[in-house]
Amino acid sequence: MNEIQNLQPECIWRNFYKLTQVPRPSGHLEKIQQFLLEFGQQAGVETFKDPAGNIVFRKPATPGMEGRKGIILQAHMDMVPQKTPESTHNFETDPIQPWIDGEWVKATGTTLGADNGLGVAAIMAIMEAKDLKHGPIDALITRDEETGMYGANELPEGELQGDILLNLDSEHWGKFVIGSAGGIDVTATLDYKEVETDKDDAAVRVTIKGLRGGHSGLEIHEGRANANKLMVRLVREAIEELDARLASWNGGNMRNAIPFKAEVVLTLPKENVDALKELCADWQEDFQDEYKLIETLGIEVIAEEVETPKNEVPVEIQDNLIDAIYACHDGVIRMIPSYPDVVETSSNLAIINIGDGKAGIKILARSSREDMKDYIVKTLESCFSMAGMKVETAGSYGGWDPNPDSEILHLLLKEYKELFGEDGIIQVDHAGLECSVILGKYPHLDVVSLGPTMKSPHTTTERALIATVEPFWQLLKKTLEDVPEKK
């Protein structure tokens with residue numbers, strides 16, 4: 001684990017390793033906030049926690065550069081807490097265990113937290129450096145980006161003092177993001193009165209696992225399987241053909257991650273248990289064939305007899321829920337006409353929890369167009385309302401409109417070409433970035449997002465490409481040095 005501190009640039013990897021040792025899952029950020037406050041004080045820069053729970057650093061310009069435009073460096077402190085089924089990791093107390101696998105840094109059994117730990121580590125390196133040339137720098141490290149961009153949404157107006165915002169939360173080195181999708185959380189809920197299970201029925205827990213999961217913005221277009229959408233196909237057939245009943249359903253655990261596992265408990269006549277096991281084996285074969293070029297980890301459908309629960313979902317509620325889950329759109333709806341390789345609108349059927357008299361379904365809908373975002377929301381509302389569910393929305397944020405004439409973009413492209421001898425790529429992302437929210441409060445900012453290469457954020461196969469961190473650092477330093485004068 002300690003070996004990653006010897007990677008280059010040492011200033012970023014050393015700080016990233018320190019971050020991996022501090023628990024920082026979304027919603028539980030007290031330890032990382034205190035860590036960052038202590039770091040800023042030790043680095044000798046102005047440091048405070050704002051009313052939104054964000055951490056802010058301020059570093060004055062080096063002598064002679066006081067007249068340069070002010071830079072705001074921005075990243076988020078929280079990480080997505082995903083772990084493998086066999087992992088005993090506790091994200092609220094345990095450190096992440098990073099390790100080097102060839103050209104990548106990975107984590108043992110969990111998400112790595114390079115999203116957005118490498119961005120935070122770069123900010124830390126700049127704050128503590130004594131040999132950099134730069135104008136005035138603000139650093140904004142936001143809280144709870146992954147669960148609803150709460151830190152950015154609650155950011156006080158007038159707190160930031162810069163002219164340029166460099167967001168360090170992109171995952172493709174050499175690509176400079178100048179626009180991103182907006183998003184909104186859609187939640188459908190229903191309270192119901194459970195009914196007693198037939199005392200002569202057996203119970204089987206069905207688990208679908210072995211899926212890749214993934215980031216519901218960056219990887220939604222790859223056609224990866226959604227565990228909830230696979231499960232509903234199997235459950236519906238079990239109900240129709242084997243007289244099964246739904247007792248509980250738990251699938252997915254993060255609104256912005258494609259669910260890689262789902263689990264249901266079904267009750268059914270004892271004489272149908274073997275048929276259900278055969279059905280699960282058949283669906284496993286079908287799913288593996290459908291996704292053989294995409295789901296390379298090996299989809300598993302496991303049926304295990306368990307103790308029969310006392311209660312289950314009433315038939316009419318069960319059927320309505322199954323119909324709604326089956327009908328719910330999941331995946332890409334439309335690509336951007338002017339950027340045909342970029343997703344415009346999508347939805348992710350992220351979390352399903354049914355049992356104990358309550359049903360809850362959470363979807364993250366994304367779009368770079370407000371009218372299409374409204375369309376997908378109304379589509380989802382219609383779907384779940386017909387099942388008698390209460391549908392609510394929260395956490396809406398707008399898209400970030402591209403500005404191809406950005407001054408800081410053209411400086412970054414110029415520096416990139418001079419440093420590395422190739423042209424940088426301008427990109428619009430489907431993933432949500434805090435840039436749009438911050439721009440809503442500070443509309444004068446000139447904004448670009450960049451970062452080293454990471455793969456599969458929000459999954460246990462998250463990894464950072466070592467070779468891209470050094471050039472990312474070189475570009476960041478050179479850009480800070482060459483930021484233009486204020487006009």
# chains A, B, ... in the order shown; residues from 1 in each chain; ligands from 1

call {"tool": "select_by_dssp", "arguments": {"residues": "region 295-476 of chain A", "states": "helix (DSSP H, G or I)", "output": "PyMOL selection string"}}
result
chain A and resi 315-327+370-385+407-420+435-441+466-476

call {"tool": "residues_around", "arguments": {"residues": "Gln474 (chain A)", "least_positions_apart": "5", "cutoff": "9 Å", "atoms": "only C-alpha atoms", "output": "PyMOL selection string"}}
result
chain A and resi 419+469+479

call {"tool": "residues_around", "arguments": {"residues": "region 211-219 of chain A", "least_positions_apart": "2", "cutoff": "8 Å", "atoms": "only C-alpha atoms", "output": "number ranges by chain"}}
result
A: 209, 221-222, 224-227, 256-261, 295-299, 348, 366, 429-432, 456-459

call {"tool": "closest_residue", "arguments": {"among": "A:Asp274, A:Gly398, A:Lys362, A:Ser449", "to": "Leu168 (chain A)", "atoms": "only C-alpha atoms"}}
result
A:Ser449

call {"tool": "closest_atom_pairs", "arguments": {"of": "region 412-486 of chain A", "to": "region 101-117 of chain A", "cutoff": "8 Å", "atoms": "only C-alpha atoms", "output": "CSV"}}
result
residue,atom,partner,partner_atom,distance
A:Met454,CA,A:Ala114,CA,7.4
A:Pro457,CA,A:Asp115,CA,6.4
A:His458,CA,A:Thr111,CA,6.4
A:Thr459,CA,A:Thr111,CA,5.6
A:Thr460,CA,A:Thr111,CA,4.5
A:Thr461,CA,A:Thr111,CA,6.8
A:Glu462,CA,A:Thr111,CA,5.7
A:Arg463,CA,A:Lys106,CA,4.7
A:Ala464,CA,A:Val105,CA,5.2
A:Leu465,CA,A:Trp104,CA,4.7
A:Ile466,CA,A:Trp104,CA,5.5
A:Ala467,CA,A:Glu103,CA,7.1

call {"tool": "atom_distance", "arguments": {"atom1": "CA of His76 (chain A)", "atom2": "CA of Gly148 (chain A)"}}
result
11.8 Å

call {"tool": "decode", "arguments": {"residues": "region 315-342 of chain A", "atoms": "N, CA, C and O atoms", "output": "PDB file, in the first residue's frame"}}
result
ATOM      1  N   VAL A 315     -50.926  -9.394  -3.432  1.00  0.00           N
ATOM      2  CA  VAL A 315     -50.864  -9.693  -4.866  1.00  0.00           C
ATOM      3  C   VAL A 315     -51.053  -8.453  -5.724  1.00  0.00           C
ATOM      4  O   VAL A 315     -50.288  -8.199  -6.673  1.00  0.00           O
ATOM      5  N   GLU A 316     -52.082  -7.631  -5.425  1.00  0.00           N
ATOM      6  CA  GLU A 316     -52.361  -6.485  -6.292  1.00  0.00           C
ATOM      7  C   GLU A 316     -51.225  -5.455  -6.241  1.00  0.00           C
ATOM      8  O   GLU A 316     -50.880  -4.839  -7.261  1.00  0.00           O
ATOM      9  N   ILE A 317     -50.623  -5.270  -5.068  1.00  0.00           N
ATOM     10  CA  ILE A 317     -49.483  -4.351  -4.944  1.00  0.00           C
ATOM     11  C   ILE A 317     -48.280  -4.933  -5.665  1.00  0.00           C
ATOM     12  O   ILE A 317     -47.576  -4.243  -6.422  1.00  0.00           O
ATOM     13  N   GLN A 318     -48.016  -6.212  -5.432  1.00  0.00           N
ATOM     14  CA  GLN A 318     -46.908  -6.899  -6.091  1.00  0.00           C
ATOM     15  C   GLN A 318     -46.978  -6.750  -7.608  1.00  0.00           C
ATOM     16  O   GLN A 318     -46.008  -6.368  -8.265  1.00  0.00           O
ATOM     17  N   ASP A 319     -48.141  -7.020  -8.180  1.00  0.00           N
ATOM     18  CA  ASP A 319     -48.271  -6.984  -9.634  1.00  0.00           C
ATOM     19  C   ASP A 319     -48.070  -5.574 -10.175  1.00  0.00           C
ATOM     20  O   ASP A 319     -47.438  -5.379 -11.233  1.00  0.00           O
ATOM     21  N   ASN A 320     -48.586  -4.576  -9.461  1.00  0.00           N
ATOM     22  CA  ASN A 320     -48.398  -3.188  -9.895  1.00  0.00           C
ATOM     23  C   ASN A 320     -46.925  -2.785  -9.845  1.00  0.00           C
ATOM     24  O   ASN A 320     -46.416  -2.109 -10.745  1.00  0.00           O
ATOM     25  N   LEU A 321     -46.250  -3.188  -8.775  1.00  0.00           N
ATOM     26  CA  LEU A 321     -44.830  -2.855  -8.649  1.00  0.00           C
ATOM     27  C   LEU A 321     -44.006  -3.526  -9.745  1.00  0.00           C
ATOM     28  O   LEU A 321     -43.133  -2.897 -10.360  1.00  0.00           O
ATOM     29  N   ILE A 322     -44.278  -4.805  -9.982  1.00  0.00           N
ATOM     30  CA  ILE A 322     -43.536  -5.530 -11.019  1.00  0.00           C
ATOM     31  C   ILE A 322     -43.778  -4.890 -12.383  1.00  0.00           C
ATOM     32  O   ILE A 322     -42.837  -4.700 -13.183  1.00  0.00           O
ATOM     33  N   ASP A 323     -45.024  -4.532 -12.677  1.00  0.00           N
ATOM     34  CA  ASP A 323     -45.319  -3.878 -13.957  1.00  0.00           C
ATOM     35  C   ASP A 323     -44.549  -2.564 -14.093  1.00  0.00           C
ATOM     36  O   ASP A 323     -44.006  -2.250 -15.161  1.00  0.00           O
ATOM     37  N   ALA A 324     -44.515  -1.772 -13.015  1.00  0.00           N
ATOM     38  CA  ALA A 324     -43.846  -0.466 -13.079  1.00  0.00           C
ATOM     39  C   ALA A 324     -42.340  -0.630 -13.260  1.00  0.00           C
ATOM     40  O   ALA A 324     -41.721   0.091 -14.053  1.00  0.00           O
ATOM     41  N   ILE A 325     -41.751  -1.558 -12.533  1.00  0.00           N
ATOM     42  CA  ILE A 325     -40.307  -1.787 -12.670  1.00  0.00           C
ATOM     43  C   ILE A 325     -39.985  -2.281 -14.070  1.00  0.00           C
ATOM     44  O   ILE A 325     -38.994  -1.874 -14.690  1.00  0.00           O
ATOM     45  N   TYR A 326     -40.848  -3.159 -14.581  1.00  0.00           N
ATOM     46  CA  TYR A 326     -40.639  -3.673 -15.941  1.00  0.00           C
ATOM     47  C   TYR A 326     -40.711  -2.534 -16.953  1.00  0.00           C
ATOM     48  O   TYR A 326     -39.917  -2.456 -17.897  1.00  0.00           O
ATOM     49  N   ALA A 327     -41.679  -1.621 -16.777  1.00  0.00           N
ATOM     50  CA  ALA A 327     -41.910  -0.550 -17.752  1.00  0.00           C
ATOM     51  C   ALA A 327     -40.937   0.617 -17.607  1.00  0.00           C
ATOM     52  O   ALA A 327     -40.761   1.389 -18.548  1.00  0.00           O
ATOM     53  N   CYS A 328     -40.325   0.755 -16.446  1.00  0.00           N
ATOM     54  CA  CYS A 328     -39.448   1.908 -16.191  1.00  0.00           C
ATOM     55  C   CYS A 328     -38.296   1.962 -17.185  1.00  0.00           C
ATOM     56  O   CYS A 328     -37.569   0.987 -17.378  1.00  0.00           O
ATOM     57  N   HIS A 329     -38.141   3.126 -17.817  1.00  0.00           N
ATOM     58  CA  HIS A 329     -37.026   3.260 -18.757  1.00  0.00           C
ATOM     59  C   HIS A 329     -35.710   3.277 -18.002  1.00  0.00           C
ATOM     60  O   HIS A 329     -35.551   3.950 -16.992  1.00  0.00           O
ATOM     61  N   ASP A 330     -34.745   2.545 -18.539  1.00  0.00           N
ATOM     62  CA  ASP A 330     -33.391   2.533 -17.983  1.00  0.00           C
ATOM     63  C   ASP A 330     -32.404   2.577 -19.131  1.00  0.00           C
ATOM     64  O   ASP A 330     -32.503   1.804 -20.081  1.00  0.00           O
ATOM     65  N   GLY A 331     -31.452   3.519 -19.055  1.00  0.00           N
ATOM     66  CA  GLY A 331     -30.439   3.619 -20.096  1.00  0.00           C
ATOM     67  C   GLY A 331     -30.588   4.874 -20.928  1.00  0.00           C
ATOM     68  O   GLY A 331     -31.244   5.843 -20.538  1.00  0.00           O
ATOM     69  N   VAL A 332     -29.973   4.864 -22.097  1.00  0.00           N
ATOM     70  CA  VAL A 332     -29.928   6.035 -22.968  1.00  0.00           C
ATOM     71  C   VAL A 332     -31.282   6.244 -23.644  1.00  0.00           C
ATOM     72  O   VAL A 332     -31.915   5.291 -24.104  1.00  0.00           O
ATOM     73  N   ILE A 333     -31.691   7.502 -23.706  1.00  0.00           N
ATOM     74  CA  ILE A 333     -32.901   7.872 -24.442  1.00  0.00           C
ATOM     75  C   ILE A 333     -32.542   8.547 -25.759  1.00  0.00           C
ATOM     76  O   ILE A 333     -33.121   8.251 -26.802  1.00  0.00           O
ATOM     77  N   ARG A 334     -31.535   9.444 -25.703  1.00  0.00           N
ATOM     78  CA  ARG A 334     -31.188  10.171 -26.915  1.00  0.00           C
ATOM     79  C   ARG A 334     -29.743  10.654 -26.827  1.00  0.00           C
ATOM     80  O   ARG A 334     -29.237  10.948 -25.745  1.00  0.00           O
ATOM     81  N   MET A 335     -29.081  10.723 -27.977  1.00  0.00           N
ATOM     82  CA  MET A 335     -27.752  11.314 -28.075  1.00  0.00           C
ATOM     83  C   MET A 335     -27.898  12.791 -28.449  1.00  0.00           C
ATOM     84  O   MET A 335     -28.937  13.218 -28.970  1.00  0.00           O
ATOM     85  N   ILE A 336     -26.848  13.575 -28.200  1.00  0.00           N
ATOM     86  CA  ILE A 336     -26.875  14.989 -28.564  1.00  0.00           C
ATOM     87  C   ILE A 336     -26.742  15.105 -30.085  1.00  0.00           C
ATOM     88  O   ILE A 336     -25.759  14.621 -30.660  1.00  0.00           O
ATOM     89  N   PRO A 337     -27.706  15.705 -30.772  1.00  0.00           N
ATOM     90  CA  PRO A 337     -27.623  15.776 -32.234  1.00  0.00           C
ATOM     91  C   PRO A 337     -26.340  16.424 -32.745  1.00  0.00           C
ATOM     92  O   PRO A 337     -25.776  15.971 -33.746  1.00  0.00           O
ATOM     93  N   SER A 338     -25.868  17.465 -32.064  1.00  0.00           N
ATOM     94  CA  SER A 338     -24.655  18.157 -32.531  1.00  0.00           C
ATOM     95  C   SER A 338     -23.375  17.482 -32.058  1.00  0.00           C
ATOM     96  O   SER A 338     -22.288  17.790 -32.541  1.00  0.00           O
ATOM     97  N   TYR A 339     -23.477  16.573 -31.081  1.00  0.00           N
ATOM     98  CA  TYR A 339     -22.351  15.767 -30.602  1.00  0.00           C
ATOM     99  C   TYR A 339     -22.823  14.310 -30.563  1.00  0.00           C
ATOM    100  O   TYR A 339     -23.117  13.767 -29.504  1.00  0.00           O
ATOM    101  N   PRO A 340     -22.930  13.643 -31.703  1.00  0.00           N
ATOM    102  CA  PRO A 340     -23.598  12.336 -31.772  1.00  0.00           C
ATOM    103  C   PRO A 340     -22.931  11.231 -30.975  1.00  0.00           C
ATOM    104  O   PRO A 340     -23.527  10.167 -30.789  1.00  0.00           O
ATOM    105  N   ASP A 341     -21.723  11.462 -30.476  1.00  0.00           N
ATOM    106  CA  ASP A 341     -21.054  10.460 -29.645  1.00  0.00           C
ATOM    107  C   ASP A 341     -21.313  10.675 -28.163  1.00  0.00           C
ATOM    108  O   ASP A 341     -20.810   9.902 -27.330  1.00  0.00           O
ATOM    109  N   VAL A 342     -22.074  11.700 -27.809  1.00  0.00           N
ATOM    110  CA  VAL A 342     -22.318  12.036 -26.409  1.00  0.00           C
ATOM    111  C   VAL A 342     -23.796  11.836 -26.089  1.00  0.00           C
ATOM    112  O   VAL A 342     -24.674  12.274 -26.829  1.00  0.00           O
TER     113      VAL A 342
END
